[in-house]
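Colleague: Supplied in structure tokens, the structure appears directly below.
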Amino acid sequence: MAARKRASAADTKPSPPPQTQETTTLIDPPIAPPKKALIFKFCLFFSIPYFYLLYQYYTIEQELRRSILINASLCVTGFFLTQRMIPVASRYVLKRGLFGFDINKKGTPQGTVKVPESLGIVVGIVFLVLAILFQYFNFTADSNWLVEYNAALASICFMILLGFVDDVLDVPWRVKLLLPSIAALPLLMAYAGHTTIIIPKPLISYVGQEVLDLGWVYKLYMGLLAVFCTNSINIHAGLNGLEVGQTVVIASAILIHNLMQIGASSDPEYKQAHAFSIYLVQPLLATSLALLSYNWYPSSVFVGDTYTYFAGMTMAVVGILGHYSETLLIFFLPQVLNFLLSLPQLSGYVKCPRHRLPRFNPETGLLTGTRDGTLINFYLRMVGPKSEKTLCIHLLLVQALGCCFCFLLRYLLAGWYK
């Protein structure tokens with residue numbers, strides 16, 4: 001759910017030709033160039049601790065490290081390919097009338113600019129190509145992980161398709177809630193892992209056992225997790241760069257978490273589960289950074305529901321198959337809070353407008369919080385009016401603090417909770 005107003009039929013209907021002897025061809029201006037400096041700063045900030053953990057802090061098997069680096073090399077290629085494809089795809093979607101206007105800039109010259117929509121389709125396609133090509137370097141025909149890896153890709157591909165359908169057809173909210181459960185079916189049907197949970201130590205005396213087999217309930221939980229992660233990214237949106245930015249922050253935290261678990265464990269199966277997560281999250285991060293270079297304020301493209309569904313499903317898949325769904329939910333802490341604030345409106349108890357965005361004042365250029373139940377409006381009501389860029393940065397810092405809180409919580413509860 002981006003901060004845009006969909007183009008109406010009047011917007012896309014061609015105007016009659018002028019009554020002159022010459023015919024004038026109207027061509028939409030090209031999109032703004034990518035914000036490369038922003039992406040370079042983030043890559044430098046993230047890569048130093050990441051590669052320090054990979055090479056120096058932990059002793060990781062050479063074969064596993066090699067697979068991670070091959071995957072990272074493919075991701076670098078995918079980053080530049082995505083950056084090159086987005087301007088090309090933008091021209092095509094504009095020709096088909098798939099564009100919108102930025103509501104948070106209404107009343108300013110930028111608010112009248114046609115912004116191409118659904119550019120998440122480019123990220124999704126490049127991601128799938130990278131993930132499929134990586135199989136050649138890492139998985140053998142008899143690999144135990146190959147079936148689940150392909151099932152994960154099938155669910156992600158399904159979600160990209162359904163997200164693009166939503167962008168084109170603009171389906172109702174109640175239907176949107178069902179889409180992730182449909183896309184998760186390939187993963188749920190192919191899942192052959194355990195369906196048990198480890199009971200927290202303080203609760204063992206009440207439950208009577210250390211390990212509890214949930215059976216089909218565990219698969220139901222997996223499906224619900226996919227629905228939550230997918231829709232939570234979609235409803236915590238509406239600012240330039242927020243959808244992609246929160247994905248980048250969470251994906252970075254997931255990668256750090258995976259390396260920490262691989263380095264601290266001696267169980268080969270446990271290590272492989274977290275390596276599996278890295279193989280999917282690195283391409284997600286690389287392609288998302290390429291999209292962020294165009295989507296950061298002021299945005300020259302909109303990501304569309306295609307991207308939010310794709311990003312949410314990818315993170316749900318790695319959390320499920322990597323067996324760290326509890327940690328993933330804590331990484332999603334701002335999204336959980338946003339969902340709780342949104343629940344009265346999403347359930348129909350309180351009237352829900354089409355766009356639950358803050359109010360923009362074109363004279364001051366600031367956003368003011370409304371009474372709608374979103375984290376964006378709640379934050380603005382707490383701290384006062386902010387510019388769109390400043391507000392987005394603040395919310396991404398909140399997201400990063402939530403991820404840091406998760407790492408702190410795991411450290412404090414280690415050995416006591418489980």
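Residues are referred to by chain and number: the chain letter is A, B, ... according to the order shown in the structure tokens, the number counts from 1 in that chain, and ligands are numbered separately from 1 in the order shown.
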Would you list, as a PyMOL selection string, the residues of segment 37-141 of chain A that end up in helix (DSSP H, G or I) under DSSP run on this structure's backbone?
Modeller: chain A and resi 37-57+62-95+103-105+109-112+120-138
Colleague: Tell me, as a PyMOL selection string, which residues lie within 10 Å of Lys36 of chain A, counting only C-alpha atoms; anything in the same chain fewer than 5 positions away does not count.
Modeller: chain A and resi 41+289-290+292-294
Colleague: What is the distance between atom CA of Leu367 of chain A and atom CA of Phe332 of chain A, in Å to one decimal?
Modeller: 24.6 Å
Colleague: For Cys75 of chain A, find every residue with an atom within 8 Å (counting only C-alpha atoms), except residues of its own chain fewer than 2 positions away, and show them as JSON, numbers by chain.
Modeller: {"A": [71, 72, 73, 77, 78, 79, 130, 282, 283, 286, 287]}
Colleague: When you count only C-alpha atoms, which of these residues is closest to Leu413 of chain A: A:Trp296, A:Leu397, A:Pro200, A:Leu328?
Modeller: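 Of A:Trp296, A:Leu397, A:Pro200, A:Leu328, the one nearest Leu413 of chain A is A:Pro200, counting only C-alpha atoms.
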Colleague: Which is closest to Leu285 of chain A among A:Cys43, A:Ile199, A:Ile330, A:Leu239, if we use only C-alpha atoms?
Modeller: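 Result for the nearest residue to Leu285 of chain A: A:Cys43.
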Colleague: Just give me the gap between atom CA of Leu179 of chain A and atom CA of Leu337 of chain A in Å, one decimal is fine.
Modeller: 22.1 Å
Colleague: Would you please give, as JSON, numbers by chain, all residues of segment 11-241 of chain A that DSSP assigns to strand (DSSP E) based on the backbone?
Modeller: {"A": [99, 100, 101, 102, 115, 116, 196, 197, 198, 211, 212, 213]}
Colleague: Please dump the current selection as an mmCIF file, in the first residue's frame; keep all heavy atoms.
Modeller:
data_model
loop_
_atom_site.group_PDB
_atom_site.id
_atom_site.type_symbol
_atom_site.label_atom_id
_atom_site.label_comp_id
_atom_site.auth_asym_id
_atom_site.auth_seq_id
_atom_site.Cartn_x
_atom_site.Cartn_y
_atom_site.Cartn_z
ATOM 1 N N PHE A 99 0.269 3.739 -13.331
ATOM 2 C CA PHE A 99 1.009 4.761 -12.605
ATOM 3 C C PHE A 99 0.097 5.363 -11.538
ATOM 4 O O PHE A 99 -1.111 5.101 -11.490
ATOM 5 C CB PHE A 99 1.525 5.858 -13.538
ATOM 6 C CG PHE A 99 0.440 6.609 -14.264
ATOM 7 C CD1 PHE A 99 -0.174 7.707 -13.678
ATOM 8 C CD2 PHE A 99 0.035 6.219 -15.532
ATOM 9 C CE1 PHE A 99 -1.183 8.403 -14.337
ATOM 10 C CE2 PHE A 99 -0.973 6.906 -16.199
ATOM 11 C CZ PHE A 99 -1.581 7.995 -15.607
ATOM 12 N N GLY A 100 0.678 6.163 -10.674
ATOM 13 C CA GLY A 100 -0.099 6.821 -9.631
ATOM 14 C C GLY A 100 0.480 8.184 -9.332
ATOM 15 O O GLY A 100 1.506 8.587 -9.908
ATOM 16 N N PHE A 101 -0.178 8.897 -8.418
ATOM 17 C CA PHE A 101 0.283 10.209 -7.983
ATOM 18 C C PHE A 101 0.555 10.150 -6.479
ATOM 19 O O PHE A 101 -0.195 9.538 -5.729
ATOM 20 C CB PHE A 101 -0.759 11.281 -8.295
ATOM 21 C CG PHE A 101 -1.080 11.407 -9.755
ATOM 22 C CD1 PHE A 101 -2.219 10.801 -10.284
ATOM 23 C CD2 PHE A 101 -0.248 12.108 -10.600
ATOM 24 C CE1 PHE A 101 -2.511 10.906 -11.630
ATOM 25 C CE2 PHE A 101 -0.534 12.217 -11.951
ATOM 26 C CZ PHE A 101 -1.671 11.611 -12.474
ATOM 27 N N ASP A 102 1.624 10.790 -6.064
ATOM 28 C CA ASP A 102 2.038 10.735 -4.661
ATOM 29 C C ASP A 102 1.126 11.605 -3.808
ATOM 30 O O ASP A 102 1.147 12.835 -3.899
ATOM 31 C CB ASP A 102 3.495 11.200 -4.536
ATOM 32 C CG ASP A 102 4.145 10.723 -3.248
ATOM 33 O OD1 ASP A 102 3.419 10.618 -2.239
ATOM 34 O OD2 ASP A 102 5.349 10.459 -3.255
ATOM 35 N N VAL A 115 3.970 8.645 -11.424
ATOM 36 C CA VAL A 115 4.990 7.763 -10.863
ATOM 37 C C VAL A 115 4.662 6.327 -11.255
ATOM 38 O O VAL A 115 3.585 5.823 -10.913
ATOM 39 C CB VAL A 115 5.044 7.884 -9.318
ATOM 40 C CG1 VAL A 115 6.164 7.006 -8.765
ATOM 41 C CG2 VAL A 115 5.235 9.335 -8.907
ATOM 42 N N PRO A 116 5.541 5.651 -11.989
ATOM 43 C CA PRO A 116 5.260 4.267 -12.400
ATOM 44 C C PRO A 116 5.098 3.343 -11.195
ATOM 45 O O PRO A 116 5.838 3.458 -10.222
ATOM 46 C CB PRO A 116 6.478 3.887 -13.249
ATOM 47 C CG PRO A 116 7.539 4.866 -12.873
ATOM 48 C CD PRO A 116 6.848 6.121 -12.474
ATOM 49 N N THR A 196 7.605 -30.170 15.887
ATOM 50 C CA THR A 196 7.717 -30.077 17.344
ATOM 51 C C THR A 196 8.226 -28.705 17.752
ATOM 52 O O THR A 196 8.871 -28.008 16.959
ATOM 53 C CB THR A 196 8.671 -31.151 17.885
ATOM 54 O OG1 THR A 196 9.970 -30.973 17.286
ATOM 55 C CG2 THR A 196 8.156 -32.540 17.570
ATOM 56 N N ILE A 197 7.945 -28.337 18.993
ATOM 57 C CA ILE A 197 8.467 -27.108 19.561
ATOM 58 C C ILE A 197 9.142 -27.446 20.892
ATOM 59 O O ILE A 197 8.750 -28.397 21.573
ATOM 60 C CB ILE A 197 7.377 -26.046 19.781
ATOM 61 C CG1 ILE A 197 6.290 -26.578 20.734
ATOM 62 C CG2 ILE A 197 6.772 -25.611 18.462
ATOM 63 C CD1 ILE A 197 5.290 -25.520 21.146
ATOM 64 N N ILE A 198 10.181 -26.687 21.213
ATOM 65 C CA ILE A 198 10.867 -26.866 22.493
ATOM 66 C C ILE A 198 10.162 -26.007 23.538
ATOM 67 O O ILE A 198 10.015 -24.791 23.354
ATOM 68 C CB ILE A 198 12.350 -26.468 22.375
ATOM 69 C CG1 ILE A 198 13.048 -27.347 21.316
ATOM 70 C CG2 ILE A 198 13.051 -26.609 23.721
ATOM 71 C CD1 ILE A 198 14.486 -26.946 21.055
ATOM 72 N N VAL A 211 9.694 -31.386 24.954
ATOM 73 C CA VAL A 211 9.410 -31.225 23.527
ATOM 74 C C VAL A 211 7.960 -31.617 23.276
ATOM 75 O O VAL A 211 7.501 -32.659 23.740
ATOM 76 C CB VAL A 211 10.348 -32.100 22.660
ATOM 77 C CG1 VAL A 211 10.001 -31.944 21.187
ATOM 78 C CG2 VAL A 211 11.801 -31.722 22.909
ATOM 79 N N LEU A 212 7.217 -30.779 22.555
ATOM 80 C CA LEU A 212 5.810 -31.015 22.280
ATOM 81 C C LEU A 212 5.583 -31.091 20.780
ATOM 82 O O LEU A 212 5.973 -30.191 20.033
ATOM 83 C CB LEU A 212 4.963 -29.881 22.877
ATOM 84 C CG LEU A 212 3.446 -29.986 22.684
ATOM 85 C CD1 LEU A 212 2.903 -31.226 23.394
ATOM 86 C CD2 LEU A 212 2.765 -28.714 23.182
ATOM 87 N N ASP A 213 4.977 -32.179 20.328
ATOM 88 C CA ASP A 213 4.672 -32.360 18.911
ATOM 89 C C ASP A 213 3.285 -31.773 18.619
ATOM 90 O O ASP A 213 2.280 -32.230 19.150
ATOM 91 C CB ASP A 213 4.698 -33.852 18.547
ATOM 92 C CG ASP A 213 4.622 -34.075 17.036
ATOM 93 O OD1 ASP A 213 4.429 -33.087 16.295
ATOM 94 O OD2 ASP A 213 4.747 -35.233 16.601
#
Colleague: Select, from A:Asn258, A:Gln345, A:Thr327, A:Asn361, the residue with the minimum atom-to-atom distance to Leu409 of chain A, counting only C-alpha atoms.
Modeller: A:Thr327
Colleague: Residues near Leu98 of chain A, anyone? I mean within 6 Å using only C-alpha atoms, not counting same-chain ones fewer than 4 positions away, as number ranges by chain.
Modeller: A: 93-94, 117
Colleague: Selection from above, N, CA, C and O atoms, as a PDB file, in the first residue's frame, can you write it?
Modeller:
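Written out: out-v6.pdb:
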ATOM      1  N   VAL A  93       5.387   0.200 -17.948  1.00  0.00           N
ATOM      2  CA  VAL A  93       4.191   0.324 -17.108  1.00  0.00           C
ATOM      3  C   VAL A  93       3.517   1.676 -17.309  1.00  0.00           C
ATOM      4  O   VAL A  93       2.287   1.786 -17.212  1.00  0.00           O
ATOM      5  N   LEU A  94       4.301   2.720 -17.616  1.00  0.00           N
ATOM      6  CA  LEU A  94       3.698   4.018 -17.910  1.00  0.00           C
ATOM      7  C   LEU A  94       2.885   3.959 -19.201  1.00  0.00           C
ATOM      8  O   LEU A  94       1.805   4.546 -19.299  1.00  0.00           O
ATOM      9  N   GLU A 117       4.123   2.435 -11.284  1.00  0.00           N
ATOM     10  CA  GLU A 117       3.800   1.542 -10.178  1.00  0.00           C
ATOM     11  C   GLU A 117       4.275   0.117 -10.444  1.00  0.00           C
ATOM     12  O   GLU A 117       4.686  -0.234 -11.552  1.00  0.00           O
TER      13      GLU A 117
END
Colleague: Which polymer residues have any atom within 10 Å of an atom of Asn234 of chain A, counting only C-alpha atoms, with same-chain residues fewer than 2 positions away left out, as a list in words?
Modeller: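 Listed by chain and then number, they are Met1, Ala2, Lys176, Phe228, Cys229, Thr230, Asn231, Ser232, His236, Ala237, Gly238, Glu243, Gly304, Asp305, Thr306, Tyr307, Thr308, Tyr309, Phe310, Ala311, Gly312 and Gln335 of chain A.
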Colleague: Report the distance between atom CA of Gly193 of chain A and atom CA of Val317 of chain A in Å, rounded to one decimal place.
Modeller: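 Between atom CA of Gly193 of chain A and atom CA of Val317 of chain A the gap works out to 13.2 Å.
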Colleague: Choose the residue, out of A:Ala32, A:Leu291, A:Leu357, A:Val171, that has the smallest atom-to-atom separation from Val303 of chain A; count only C-alpha atoms.
Modeller: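 Comparing A:Ala32, A:Leu291, A:Leu357, A:Val171 against Val303 of chain A, the winner is A:Leu291.
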Colleague: Find the residue from A:Arg381, A:Lys35, A:Arg65, A:Arg96 that sits nearest to Tyr297 of chain A; use only C-alpha atoms when measuring.
Modeller: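 Using only C-alpha atoms, Tyr297 of chain A sits closest to A:Lys35.
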Colleague: Kindly indicate which residue among A:Pro202, A:Pro180, A:Pro87, A:Pro109 lies nearest to Val122 of chain A, using only C-alpha atoms for the distances.
Modeller: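 Selected residue with least distance to Val122 of chain A: A:Pro87.
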